[in-house]
$ cat target27.cif   # mmCIF, C-alpha atoms
data_upload
#
loop_
_atom_site.label_atom_id
_atom_site.label_comp_id
_atom_site.auth_asym_id
_atom_site.auth_seq_id
_atom_site.Cartn_x
_atom_site.Cartn_y
_atom_site.Cartn_z
CA MET C 286 -36.31 29.62 -8.59
CA THR C 287 -33.94 26.94 -9.97
CA VAL C 288 -31.71 29.56 -11.53
CA THR C 289 -31.40 31.25 -8.16
CA ILE C 290 -30.51 27.99 -6.40
CA ARG C 291 -27.97 27.15 -9.10
CA GLY C 292 -26.51 30.66 -8.88
CA ILE C 293 -26.15 30.34 -5.13
CA LEU C 294 -24.46 26.93 -5.46
CA VAL C 295 -22.02 28.21 -8.07
CA THR C 296 -21.33 31.32 -5.99
CA LEU C 297 -20.60 29.18 -2.94
CA GLY C 298 -18.31 27.03 -5.07
CA LEU C 299 -19.98 23.76 -4.17
CA GLY C 300 -19.64 22.48 -7.72
CA LEU C 301 -22.72 20.32 -7.71
CA ALA C 302 -22.63 19.57 -11.41
CA GLY C 303 -25.13 16.75 -11.06
CA LEU C 304 -27.82 19.13 -9.77
CA ALA C 305 -27.20 21.59 -12.57
CA ALA C 306 -27.18 18.79 -15.13
CA ALA C 307 -30.48 17.43 -13.84
CA GLU C 308 -32.03 20.87 -14.12
CA GLU C 309 -30.75 21.73 -17.58
CA GLY C 310 -31.07 18.33 -19.21
CA PRO C 311 -28.63 16.42 -21.43
CA ARG C 312 -26.74 19.45 -22.77
CA ALA C 313 -25.35 20.15 -19.28
CA ALA C 314 -24.41 16.51 -18.52
CA THR C 315 -20.72 17.36 -18.63
CA LEU C 316 -19.03 20.31 -16.98
CA ASP C 317 -17.42 22.96 -19.11
CA PRO C 318 -13.66 22.44 -18.58
CA ALA C 319 -12.99 26.18 -18.78
CA PHE C 320 -15.42 26.67 -15.87
CA VAL C 321 -13.82 23.91 -13.79
CA VAL C 322 -10.07 24.34 -14.41
CA GLY C 323 -9.78 27.62 -16.29
CA ALA C 324 -8.31 28.34 -19.71
CA PRO C 325 -6.00 25.77 -21.32
CA LYS C 326 -2.41 26.18 -20.10
CA GLY C 327 -0.73 23.77 -22.49
CA GLN C 328 -0.39 23.45 -26.22
CA PRO C 329 -3.03 21.64 -28.28
CA LEU C 330 -1.87 18.14 -29.22
CA SER C 331 -2.65 16.06 -32.28
CA GLY C 332 -1.61 12.89 -34.06
CA ALA C 333 0.65 10.29 -32.46
CA VAL C 334 1.68 12.65 -29.67
CA LEU C 335 -1.97 13.06 -28.70
CA ASP C 336 -2.51 9.28 -28.73
CA SER C 337 0.50 8.51 -26.54
CA HIS C 338 -0.21 11.37 -24.14
CA THR C 339 -3.86 10.28 -23.87
CA GLU C 340 -2.68 6.81 -22.79
CA GLU C 341 -0.31 8.34 -20.21
CA VAL C 342 -2.93 10.58 -18.61
CA ALA C 343 -5.64 7.89 -18.79
CA GLY C 344 -3.21 5.58 -16.98
CA LEU C 345 -3.21 8.01 -14.03
CA LEU C 346 -7.00 7.88 -13.63
CA ARG C 347 -8.91 5.09 -11.86
CA CYS C 348 -11.93 3.62 -13.61
CA PRO C 349 -14.98 4.25 -11.37
CA VAL C 350 -16.58 1.00 -12.57
CA CYS C 351 -13.61 -1.41 -12.40
CA GLN C 352 -11.89 0.39 -9.49
CA GLY C 353 -8.79 -1.78 -9.72
CA LEU C 354 -7.89 -0.69 -13.23
CA SER C 355 -6.83 2.53 -14.81
CA VAL C 356 -9.01 4.20 -17.42
CA ALA C 357 -6.42 3.19 -20.04
CA ALA C 358 -6.64 -0.52 -19.11
CA SER C 359 -10.35 -0.80 -18.34
CA PRO C 360 -12.72 -2.39 -20.88
CA SER C 361 -15.84 -0.62 -19.51
CA SER C 362 -17.81 1.86 -21.56
CA MET C 363 -17.45 4.48 -18.82
CA ALA C 364 -13.66 4.20 -19.06
CA SER C 365 -13.90 4.56 -22.83
CA ASN C 366 -15.95 7.73 -22.39
CA MET C 367 -13.48 9.09 -19.84
CA LYS C 368 -10.58 8.28 -22.17
CA ALA C 369 -12.34 10.12 -25.00
CA GLU C 370 -12.82 13.10 -22.68
CA VAL C 371 -9.12 13.03 -21.77
CA ARG C 372 -8.28 12.98 -25.46
CA SER C 373 -10.53 15.96 -26.22
CA LEU C 374 -9.14 17.97 -23.30
CA LEU C 375 -5.54 17.31 -24.36
CA ALA C 376 -6.41 18.17 -27.96
CA ALA C 377 -7.88 21.47 -26.72
CA GLY C 378 -4.59 22.33 -24.99
CA TYR C 379 -5.32 21.51 -21.35
CA SER C 380 -2.29 20.43 -19.30
CA ASP C 381 -2.00 17.09 -17.47
CA ASP C 382 -2.66 18.77 -14.13
CA GLN C 383 -5.75 20.49 -15.51
CA VAL C 384 -7.11 17.22 -16.90
CA LEU C 385 -6.54 15.44 -13.59
CA ALA C 386 -8.12 18.35 -11.68
CA TYR C 387 -11.12 18.23 -14.05
CA PHE C 388 -11.77 14.55 -13.29
CA GLU C 389 -10.99 15.02 -9.61
CA ARG C 390 -13.66 17.72 -9.46
CA SER C 391 -16.20 15.32 -10.96
CA TYR C 392 -15.28 12.08 -9.14
CA GLY C 393 -13.25 13.17 -6.11
CA GLU C 394 -9.64 12.31 -5.21
CA PHE C 395 -10.46 8.62 -5.51
CA VAL C 396 -10.27 8.91 -9.30
CA ARG C 397 -6.49 9.35 -9.11
CA LEU C 398 -4.46 6.16 -8.97
CA GLN C 399 -1.64 8.08 -7.27
CA PRO C 400 -3.25 10.45 -4.78
CA PRO C 401 -1.49 13.79 -4.35
CA LEU C 402 0.56 14.38 -1.19
CA ARG C 403 -1.81 16.62 0.71
CA GLY C 404 -4.06 16.33 3.72
CA VAL C 405 -4.93 12.82 4.85
CA ASN C 406 -3.21 11.34 1.78
CA TRP C 407 0.08 11.57 3.65
CA LEU C 408 -1.14 8.52 5.57
CA VAL C 409 -1.52 6.58 2.31
CA TRP C 410 2.06 7.33 1.34
CA LEU C 411 3.78 7.24 4.72
CA GLY C 412 1.58 4.74 6.60
CA PRO C 413 3.25 1.58 5.24
CA VAL C 414 6.73 2.97 5.87
CA ALA C 415 5.79 3.96 9.43
CA ALA C 416 4.27 0.51 10.06
CA LEU C 417 7.43 -1.18 8.74
CA LEU C 418 9.68 0.96 10.94
CA ALA C 419 7.48 0.36 14.00
CA GLY C 420 7.52 -3.41 13.39
CA GLY C 421 11.29 -3.43 12.94
CA GLY C 422 11.74 -1.41 16.13
CA THR C 423 9.50 -3.80 18.04
CA VAL C 424 11.45 -6.84 16.83
CA PHE C 425 14.76 -5.12 17.67
CA LEU C 426 13.63 -4.28 21.21
CA ALA C 427 12.26 -7.79 21.77
CA LEU C 428 15.53 -9.37 20.64
CA ARG C 429 17.54 -6.96 22.74
CA ARG C 430 15.41 -7.62 25.81
CA SER C 431 15.61 -11.41 25.41
CA ALA C 432 19.40 -11.24 24.98
CA SER C 433 19.78 -9.18 28.14
CA GLN C 434 17.63 -11.58 30.18
CA ALA C 435 19.44 -14.75 29.13
CA PRO C 436 22.29 -15.75 31.43
CA PRO C 437 25.73 -15.70 29.84
CA ALA C 438 27.02 -19.05 28.60
CA THR C 439 29.90 -19.09 31.10
CA ALA C 440 27.60 -18.52 34.07
CA ARG C 441 25.46 -21.58 33.40
CA GLU C 442 26.42 -24.55 35.51
CA LEU C 443 26.53 -27.76 33.63
CA PRO C 444 26.21 -31.06 35.45
CA ALA C 445 29.34 -33.15 35.81
CA ARG C 446 29.93 -35.82 33.17
CA ASP C 447 29.23 -38.63 35.55
CA THR C 448 26.04 -37.16 36.99
CA LEU C 449 22.86 -39.11 36.31
CA PRO C 450 19.29 -37.80 36.21
CA ASP C 451 17.06 -38.29 39.27
CA ASP C 452 14.54 -40.35 37.29
CA ALA C 453 15.47 -44.03 37.51
CA ALA C 454 14.22 -44.94 34.02
CA LEU C 455 16.05 -42.01 32.47
CA ALA C 456 19.22 -42.83 34.42
CA ALA C 457 19.12 -46.41 33.12
CA ALA C 458 18.73 -45.12 29.55
CA VAL C 459 21.72 -42.79 29.97
CA LEU C 460 23.86 -45.69 31.27
CA ARG C 461 22.88 -47.85 28.26
CA ILE C 462 23.75 -45.03 25.84
CA ARG C 463 27.13 -44.46 27.54
CA GLU C 464 27.86 -48.19 27.36
CA ARG C 465 27.09 -48.31 23.61
CA ALA C 466 28.64 -44.97 22.69
CA TYR C 467 31.83 -45.14 24.73
CA GLY C 468 32.13 -48.89 25.36
CA TRP C 469 32.12 -48.36 29.11
CA PRO C 470 31.02 -51.46 30.98
CA GLY C 471 27.66 -50.80 32.61
CA GLY C 472 27.80 -47.19 31.30
CA VAL C 473 30.21 -46.08 34.02
CA ARG C 474 33.45 -44.41 33.02
CA PRO C 475 36.50 -46.39 34.09
CA ARG C 476 38.71 -44.76 36.62
CA ALA C 477 41.99 -43.34 35.46
CA ASP C 478 43.93 -45.08 38.25
CA ALA C 479 42.44 -48.54 37.45
CA PRO C 480 44.76 -51.05 35.68
#
$ encode --input "target27.cif" --output "structure tokens"
Amino acid sequence: MTVTIRGILVTLGLGLAGLAAAEEGPRAATLDPAFVVGAPKGQPLSGAVLDSHTEEVAGLLRCPVCQGLSVAASPSSMASNMKAEVRSLLAAGYSDDQVLAYFERSYGEFVRLQPPLRGVNWLVWLGPVAALLAGGGTVFLALRRSASQAPPATARELPARDTLPDDAALAAAVLRIRERAYGWPGGVRPRADAP
């Protein structure tokens, strides 16, 4: 019965590796890369090239445990296991895209630090830019509206120089300031025709 259920799941392409692994035990704990992403499309790597390329590809994968770190930077044992898997896949000749697709099949798109530009991921890439443009447009329109509502500087009527406020206390303060600032006796400007 379990073989039939597994066969149906594989035929439907649901890729429930966890169910198959639970049924078959520890030997099926990892998916066969050839089953998931096909035959290797790159050249097998070794030596220093393999080490540097392993770091590059592991830097593109998110650690499921640390979630803020890449697999290359994470100290967790799960990240170490994932990094070892990346190394073995690259050594077998799988391309970068195949390695990323292999881990994406197991963990979902979340495992990629830079999600691909497809589907809803366009919002991740374009959302901040759209929000910035919308905010800038709102500020521009608000400034433009406030500038159009303000009366021009020439249209404002300023009180005459000798005009005093209606408040008696404030008028007295203005007269004192005029007396100290200009030296006018009592704060009143002398007349031009006075001797």
$ residues_near_point --input "target27.cif" --point "(28.9, -45.6, 29.3)" --cutoff "12 Å" --atoms "all atoms listed in the file" --output "PyMOL selection string"
chain C and resi 446-449+456-475
$ atom_distance --input "target27.cif" --atom1 "atom CA of Phe395 of chain C" --atom2 "atom CA of Ala319 of chain C"
22.2 Å
$ resolve_selection --input "target27.cif" --expression "the PyMOL selection byres ((chain C and resi 339-342) around 10)" --output "VMD selection string"
chain C and resid 330 333 to 338 343 to 346 355 to 358 368 to 376 380 to 382 384 to 385
$ atom_distance --input "target27.cif" --atom1 "atom CA of Pro400 of chain C" --atom2 "atom CA of Arg347 of chain C"
10.5 Å
$ atom_distance --input "target27.cif" --atom1 "atom CA of Trp410 of chain C" --atom2 "atom CA of Tyr379 of chain C"
27.8 Å
